[in-house]
Amino acid sequence: MTAMTGTSARGLTRRAILAALIMALGALIAWLLTPTLRLADEEPIKLESMIPTAFGDWAVDRNASAGVVNPQQTQLINRLYSQTLSRTYVNTQTGTRVMLSIAYGEDQRDSMQLHYPEVCYPAQGFQIRSNRKDLLTTQFGVLPIRRLETVLGAQRYEPVTYWTMIGSKTALGGVEKKIAEMRYGMKGIIVDGLLFRVSSIDRDSADAFVVQGGFIDQLFKAVPADVRLRLSGLGLPA
């Protein structure tokens with residue numbers, strides 16, 4: 001009886017030690033996989049200085065009255081994002097206006113999420129008439145984008161072109177975003193995120209998307225290569 005009791009005790013001890021080792025190994029793996037390096041510190045973004053107020057045929061409209069739709073109230077915007085930039089540009093040749101909105105967050109893990117136009121526009125009373133993935137061809141390569149057709153009260157028709165960046169990778173949906181975050185996390189990097197949105201007030205969506213594409217292409221041409229990479233993931237001219 002004593003021998004059986006001793007054997008049982010030794011068995012329990014071994015199991016306890018094994019369980020403790022497994023727990024310690026799990027904790028070690030979790031620690032090793034926890035990101036510690038902030039991409040925002042290594043490759044800082046300053047939207048105001050990165051985005052020129054004039055480029056190509058475009059310049060900031062100092063007298064613009066048509067505002068960009070804000071995704072949330074000011075307090076919530078300040079909590080969600082590290083920086084935001086909202087400007088209206090006018091084409092010096094045609095007088096066409098384009099609204100630019102960029103939202104940037106230094107930490108794109110679950111506590112700091114990008115807010116998508118298909119969510120923030122309806123929150124402001126807009127209806128989404130269409131929402132589709134597309135490809136924008138630029139002189140620097142092809143960029144995956146989303147295009148929305150929105151309308152407010154059957155009066156303000158506002159086509160929207162946008163994409164999101166997780167680090168230097170484009171992500172057009174929650175799954176793509178999470179995969180990009182995980183890839184950076186496995187390298188020990190806390191990744192940042194950016195939402196780049198261009199819109200214009202125009203009943204002709206097809207024409208508006210052409211204008212927006214030209215605006216984006218001229219902006220990419222005007223900024224340095226490292227800025228273009230952070231904004232779109234596109235590098236040297238194609």
# chains A, B, ... in the order shown; residues from 1 in each chain; ligands from 1
call {"tool": "select_by_dssp", "arguments": {"residues": "segment 71-222 of chain A", "states": "strand (DSSP E)", "output": "ChimeraX atom specification"}}
result
/A:83-91,97-105,127-138,141-152,156-166,169-171,189-190,193-199
call {"tool": "residues_around", "arguments": {"residues": "Phe126 of chain A", "least_positions_apart": "6", "cutoff": "9 Å", "atoms": "only C-alpha atoms", "output": "ChimeraX atom specification"}}
result
/A:120,150-153,156
call {"tool": "write_last_selection", "arguments": {"atoms": "N, CA and C atoms", "output": "compact mmCIF listing (two decimals), in the first residue's frame"}}
result
# COMPACT_ATOMS: atom_id res chain seq x y z
N CYS A 120 -18.94 55.43 -41.37
CA CYS A 120 -19.06 56.82 -40.90
C CYS A 120 -20.00 57.65 -41.78
N THR A 150 -22.22 57.48 -52.58
CA THR A 150 -23.05 57.87 -51.44
C THR A 150 -23.94 59.05 -51.83
N VAL A 151 -25.04 59.18 -51.12
CA VAL A 151 -25.94 60.30 -51.37
C VAL A 151 -26.58 60.72 -50.06
N LEU A 152 -26.74 62.04 -49.89
CA LEU A 152 -27.36 62.61 -48.70
C LEU A 152 -28.63 63.35 -49.12
N GLY A 153 -29.77 62.82 -48.70
CA GLY A 153 -31.03 63.48 -48.95
C GLY A 153 -31.37 63.70 -50.41
N ARG A 156 -27.04 65.65 -52.22
CA ARG A 156 -25.58 65.66 -52.23
C ARG A 156 -25.08 64.27 -52.61
call {"tool": "residues_around", "arguments": {"residues": "Ala154 of chain A", "least_positions_apart": "6", "cutoff": "12 Å", "atoms": "only C-alpha atoms", "output": "MDAnalysis selection string"}}
result
chainID A and resid 125:129 203
call {"tool": "select_by_dssp", "arguments": {"residues": "segment 51-211 of chain A", "states": "alpha helix (DSSP H)", "output": "number ranges by chain"}}
result
A: 74-80, 117-123, 174-186, 205-211
call {"tool": "write_last_selection", "arguments": {"atoms": "C-alpha atoms", "output": "PDB file, in the first residue's frame"}}
result
ATOM      1  CA  THR A  74     -13.971  65.537 -32.237  1.00  0.00           C
ATOM      2  CA  GLN A  75     -13.384  63.838 -28.871  1.00  0.00           C
ATOM      3  CA  LEU A  76     -13.793  60.360 -30.338  1.00  0.00           C
ATOM      4  CA  ILE A  77     -11.624  61.216 -33.351  1.00  0.00           C
ATOM      5  CA  ASN A  78      -8.860  62.340 -31.008  1.00  0.00           C
ATOM      6  CA  ARG A  79      -9.145  59.054 -29.103  1.00  0.00           C
ATOM      7  CA  LEU A  80      -9.158  56.839 -32.202  1.00  0.00           C
ATOM      8  CA  PRO A 117     -16.400  55.304 -44.825  1.00  0.00           C
ATOM      9  CA  GLU A 118     -19.167  52.727 -45.245  1.00  0.00           C
ATOM     10  CA  VAL A 119     -19.693  53.112 -41.499  1.00  0.00           C
ATOM     11  CA  CYS A 120     -19.062  56.819 -40.903  1.00  0.00           C
ATOM     12  CA  TYR A 121     -21.015  58.112 -43.913  1.00  0.00           C
ATOM     13  CA  PRO A 122     -24.315  56.439 -42.902  1.00  0.00           C
ATOM     14  CA  ALA A 123     -23.699  57.739 -39.383  1.00  0.00           C
ATOM     15  CA  GLY A 174     -11.128  43.245 -41.673  1.00  0.00           C
ATOM     16  CA  VAL A 175      -9.532  39.920 -42.642  1.00  0.00           C
ATOM     17  CA  GLU A 176      -6.757  41.544 -44.702  1.00  0.00           C
ATOM     18  CA  LYS A 177      -6.168  44.030 -41.893  1.00  0.00           C
ATOM     19  CA  LYS A 178      -5.871  41.300 -39.241  1.00  0.00           C
ATOM     20  CA  ILE A 179      -3.487  39.224 -41.395  1.00  0.00           C
ATOM     21  CA  ALA A 180      -1.243  42.250 -41.940  1.00  0.00           C
ATOM     22  CA  GLU A 181      -1.252  43.013 -38.209  1.00  0.00           C
ATOM     23  CA  MET A 182      -0.309  39.415 -37.384  1.00  0.00           C
ATOM     24  CA  ARG A 183       2.572  39.426 -39.862  1.00  0.00           C
ATOM     25  CA  TYR A 184       4.019  42.535 -38.266  1.00  0.00           C
ATOM     26  CA  GLY A 185       3.324  41.180 -34.782  1.00  0.00           C
ATOM     27  CA  MET A 186       5.314  38.013 -35.517  1.00  0.00           C
ATOM     28  CA  SER A 205     -19.810  58.913 -60.335  1.00  0.00           C
ATOM     29  CA  ALA A 206     -17.844  57.599 -63.311  1.00  0.00           C
ATOM     30  CA  ASP A 207     -16.454  61.058 -64.064  1.00  0.00           C
ATOM     31  CA  ALA A 208     -15.803  61.710 -60.375  1.00  0.00           C
ATOM     32  CA  PHE A 209     -13.755  58.524 -60.037  1.00  0.00           C
ATOM     33  CA  VAL A 210     -11.628  59.534 -63.046  1.00  0.00           C
ATOM     34  CA  VAL A 211     -10.982  62.951 -61.483  1.00  0.00           C
TER      35      VAL A 211
END
call {"tool": "residues_around", "arguments": {"residues": "Gln93 of chain A", "least_positions_apart": "6", "cutoff": "12 Å", "atoms": "only C-alpha atoms", "output": "ChimeraX atom specification"}}
result
/A:56-59
call {"tool": "closest_residue", "arguments": {"among": "A:Asp217, A:Asp192, A:Asp204, A:Asp134", "to": "Gly167 of chain A", "atoms": "only C-alpha atoms"}}
result
A:Asp192
call {"tool": "closest_residue", "arguments": {"among": "A:Arg228, A:Arg62, A:Lys221, A:Arg197", "to": "Ser101 of chain A", "atoms": "only C-alpha atoms"}}
result
A:Arg197
call {"tool": "residues_around", "arguments": {"residues": "Met99 of chain A", "least_positions_apart": "3", "cutoff": "6 Å", "atoms": "only C-alpha atoms", "output": "list in words"}}
result
Arg87, Thr88, Val198, Ser199 and Ser200 of chain A
call {"tool": "write_last_selection", "arguments": {"atoms": "N, CA and C atoms", "output": "CSV table (one decimal), in the first residue's frame"}}
result
chain,number,residue,atom,x,y,z
A,87,ARG,N,-8.6,68.4,-46.0
A,87,ARG,CA,-8.4,69.5,-46.9
A,87,ARG,C,-9.3,69.4,-48.1
A,88,THR,N,-9.7,70.5,-48.7
A,88,THR,CA,-10.4,70.6,-50.0
A,88,THR,C,-9.4,71.2,-51.0
A,198,VAL,N,-10.6,60.0,-50.6
A,198,VAL,CA,-10.8,61.1,-51.5
A,198,VAL,C,-12.2,61.1,-51.9
A,199,SER,N,-12.9,62.2,-52.0
A,199,SER,CA,-14.3,62.3,-52.4
A,199,SER,C,-14.5,63.6,-53.1
A,200,SER,N,-15.7,63.7,-53.8
A,200,SER,CA,-16.1,64.9,-54.5
A,200,SER,C,-17.6,64.9,-54.6
call {"tool": "atom_distance", "arguments": {"atom1": "atom CA of Arg132 of chain A", "atom2": "atom CA of Tyr104 of chain A"}}
result
22.9 Å
call {"tool": "atom_distance", "arguments": {"atom1": "atom CA of Ser86 of chain A", "atom2": "atom CA of Gln139 of chain A"}}
result
24.8 Å
call {"tool": "residues_around", "arguments": {"residues": "Lys46 of chain A", "least_positions_apart": "2", "cutoff": "12 Å", "atoms": "only C-alpha atoms", "output": "list of chain:residue names"}}
result
A:Ala40, A:Asp41, A:Glu43, A:Pro44, A:Glu48, A:Ser49, A:Met50, A:Ile51, A:Pro52, A:Ser82, A:Gln83, A:Thr84, A:Leu85, A:Ile102, A:Ala103, A:Tyr104, A:Gly105, A:Glu106, A:Leu194, A:Val227, A:Arg230, A:Leu231
call {"tool": "write_last_selection", "arguments": {"atoms": "N, CA and C atoms", "output": "PDB file, in the first residue's frame"}}
result
ATOM      1  N   ALA A  40       5.663  53.290 -35.734  1.00  0.00           N
ATOM      2  CA  ALA A  40       5.480  54.745 -35.737  1.00  0.00           C
ATOM      3  C   ALA A  40       6.726  55.472 -35.247  1.00  0.00           C
ATOM      4  N   ASP A  41       7.511  54.815 -34.388  1.00  0.00           N
ATOM      5  CA  ASP A  41       8.752  55.425 -33.899  1.00  0.00           C
ATOM      6  C   ASP A  41       9.877  55.278 -34.923  1.00  0.00           C
ATOM      7  N   GLU A  43       9.431  54.806 -38.314  1.00  0.00           N
ATOM      8  CA  GLU A  43       9.081  55.502 -39.557  1.00  0.00           C
ATOM      9  C   GLU A  43       7.963  56.494 -39.259  1.00  0.00           C
ATOM     10  N   PRO A  44       8.289  57.603 -38.598  1.00  0.00           N
ATOM     11  CA  PRO A  44       7.257  58.545 -38.160  1.00  0.00           C
ATOM     12  C   PRO A  44       6.510  59.205 -39.321  1.00  0.00           C
ATOM     13  N   GLU A  48       0.678  66.825 -41.891  1.00  0.00           N
ATOM     14  CA  GLU A  48       0.648  68.216 -42.342  1.00  0.00           C
ATOM     15  C   GLU A  48       1.832  68.567 -43.229  1.00  0.00           C
ATOM     16  N   SER A  49       2.997  68.045 -42.887  1.00  0.00           N
ATOM     17  CA  SER A  49       4.194  68.358 -43.674  1.00  0.00           C
ATOM     18  C   SER A  49       4.389  67.393 -44.841  1.00  0.00           C
ATOM     19  N   MET A  50       3.834  66.186 -44.746  1.00  0.00           N
ATOM     20  CA  MET A  50       4.009  65.186 -45.799  1.00  0.00           C
ATOM     21  C   MET A  50       3.154  65.487 -47.031  1.00  0.00           C
ATOM     22  N   ILE A  51       1.967  66.052 -46.812  1.00  0.00           N
ATOM     23  CA  ILE A  51       1.020  66.269 -47.904  1.00  0.00           C
ATOM     24  C   ILE A  51       1.115  67.721 -48.358  1.00  0.00           C
ATOM     25  N   PRO A  52       1.583  67.975 -49.580  1.00  0.00           N
ATOM     26  CA  PRO A  52       1.730  69.361 -50.049  1.00  0.00           C
ATOM     27  C   PRO A  52       0.387  70.052 -50.217  1.00  0.00           C
ATOM     28  N   SER A  82      -4.158  59.236 -34.039  1.00  0.00           N
ATOM     29  CA  SER A  82      -3.049  60.068 -33.589  1.00  0.00           C
ATOM     30  C   SER A  82      -3.023  61.389 -34.356  1.00  0.00           C
ATOM     31  N   GLN A  83      -3.372  61.323 -35.651  1.00  0.00           N
ATOM     32  CA  GLN A  83      -3.388  62.514 -36.492  1.00  0.00           C
ATOM     33  C   GLN A  83      -4.520  62.394 -37.516  1.00  0.00           C
ATOM     34  N   THR A  84      -5.091  63.521 -37.895  1.00  0.00           N
ATOM     35  CA  THR A  84      -6.031  63.568 -39.010  1.00  0.00           C
ATOM     36  C   THR A  84      -5.707  64.776 -39.878  1.00  0.00           C
ATOM     37  N   LEU A  85      -6.051  64.650 -41.146  1.00  0.00           N
ATOM     38  CA  LEU A  85      -5.842  65.750 -42.085  1.00  0.00           C
ATOM     39  C   LEU A  85      -7.065  65.835 -42.988  1.00  0.00           C
ATOM     40  N   ILE A 102      -7.391  62.137 -44.399  1.00  0.00           N
ATOM     41  CA  ILE A 102      -6.476  61.072 -43.985  1.00  0.00           C
ATOM     42  C   ILE A 102      -6.555  60.939 -42.468  1.00  0.00           C
ATOM     43  N   ALA A 103      -6.763  59.716 -41.995  1.00  0.00           N
ATOM     44  CA  ALA A 103      -6.775  59.435 -40.561  1.00  0.00           C
ATOM     45  C   ALA A 103      -5.644  58.453 -40.264  1.00  0.00           C
ATOM     46  N   TYR A 104      -4.833  58.772 -39.266  1.00  0.00           N
ATOM     47  CA  TYR A 104      -3.650  57.962 -38.954  1.00  0.00           C
ATOM     48  C   TYR A 104      -3.650  57.573 -37.481  1.00  0.00           C
ATOM     49  N   GLY A 105      -3.435  56.284 -37.207  1.00  0.00           N
ATOM     50  CA  GLY A 105      -3.313  55.788 -35.841  1.00  0.00           C
ATOM     51  C   GLY A 105      -1.986  55.089 -35.647  1.00  0.00           C
ATOM     52  N   GLU A 106      -1.307  55.379 -34.566  1.00  0.00           N
ATOM     53  CA  GLU A 106       0.015  54.806 -34.320  1.00  0.00           C
ATOM     54  C   GLU A 106      -0.041  53.345 -33.906  1.00  0.00           C
ATOM     55  N   LEU A 194      -3.357  53.663 -41.497  1.00  0.00           N
ATOM     56  CA  LEU A 194      -3.726  54.911 -42.148  1.00  0.00           C
ATOM     57  C   LEU A 194      -4.908  54.670 -43.070  1.00  0.00           C
ATOM     58  N   VAL A 227       7.463  58.731 -48.688  1.00  0.00           N
ATOM     59  CA  VAL A 227       6.119  59.171 -48.315  1.00  0.00           C
ATOM     60  C   VAL A 227       5.072  58.403 -49.117  1.00  0.00           C
ATOM     61  N   ARG A 230       4.537  54.984 -47.712  1.00  0.00           N
ATOM     62  CA  ARG A 230       3.741  54.962 -46.485  1.00  0.00           C
ATOM     63  C   ARG A 230       2.263  55.226 -46.768  1.00  0.00           C
ATOM     64  N   LEU A 231       1.994  56.019 -47.816  1.00  0.00           N
ATOM     65  CA  LEU A 231       0.613  56.353 -48.148  1.00  0.00           C
ATOM     66  C   LEU A 231      -0.096  55.255 -48.920  1.00  0.00           C
TER      67      LEU A 231
END
call {"tool": "atom_distance", "arguments": {"atom1": "atom CA of Gly235 of chain A", "atom2": "atom CA of Leu195 of chain A"}}
result
18.4 Å
call {"tool": "closest_residue", "arguments": {"among": "A:Gln218, A:Ser232, A:Thr96, A:Asn91", "to": "Ile166 of chain A", "atoms": "only C-alpha atoms"}}
result
A:Ser232
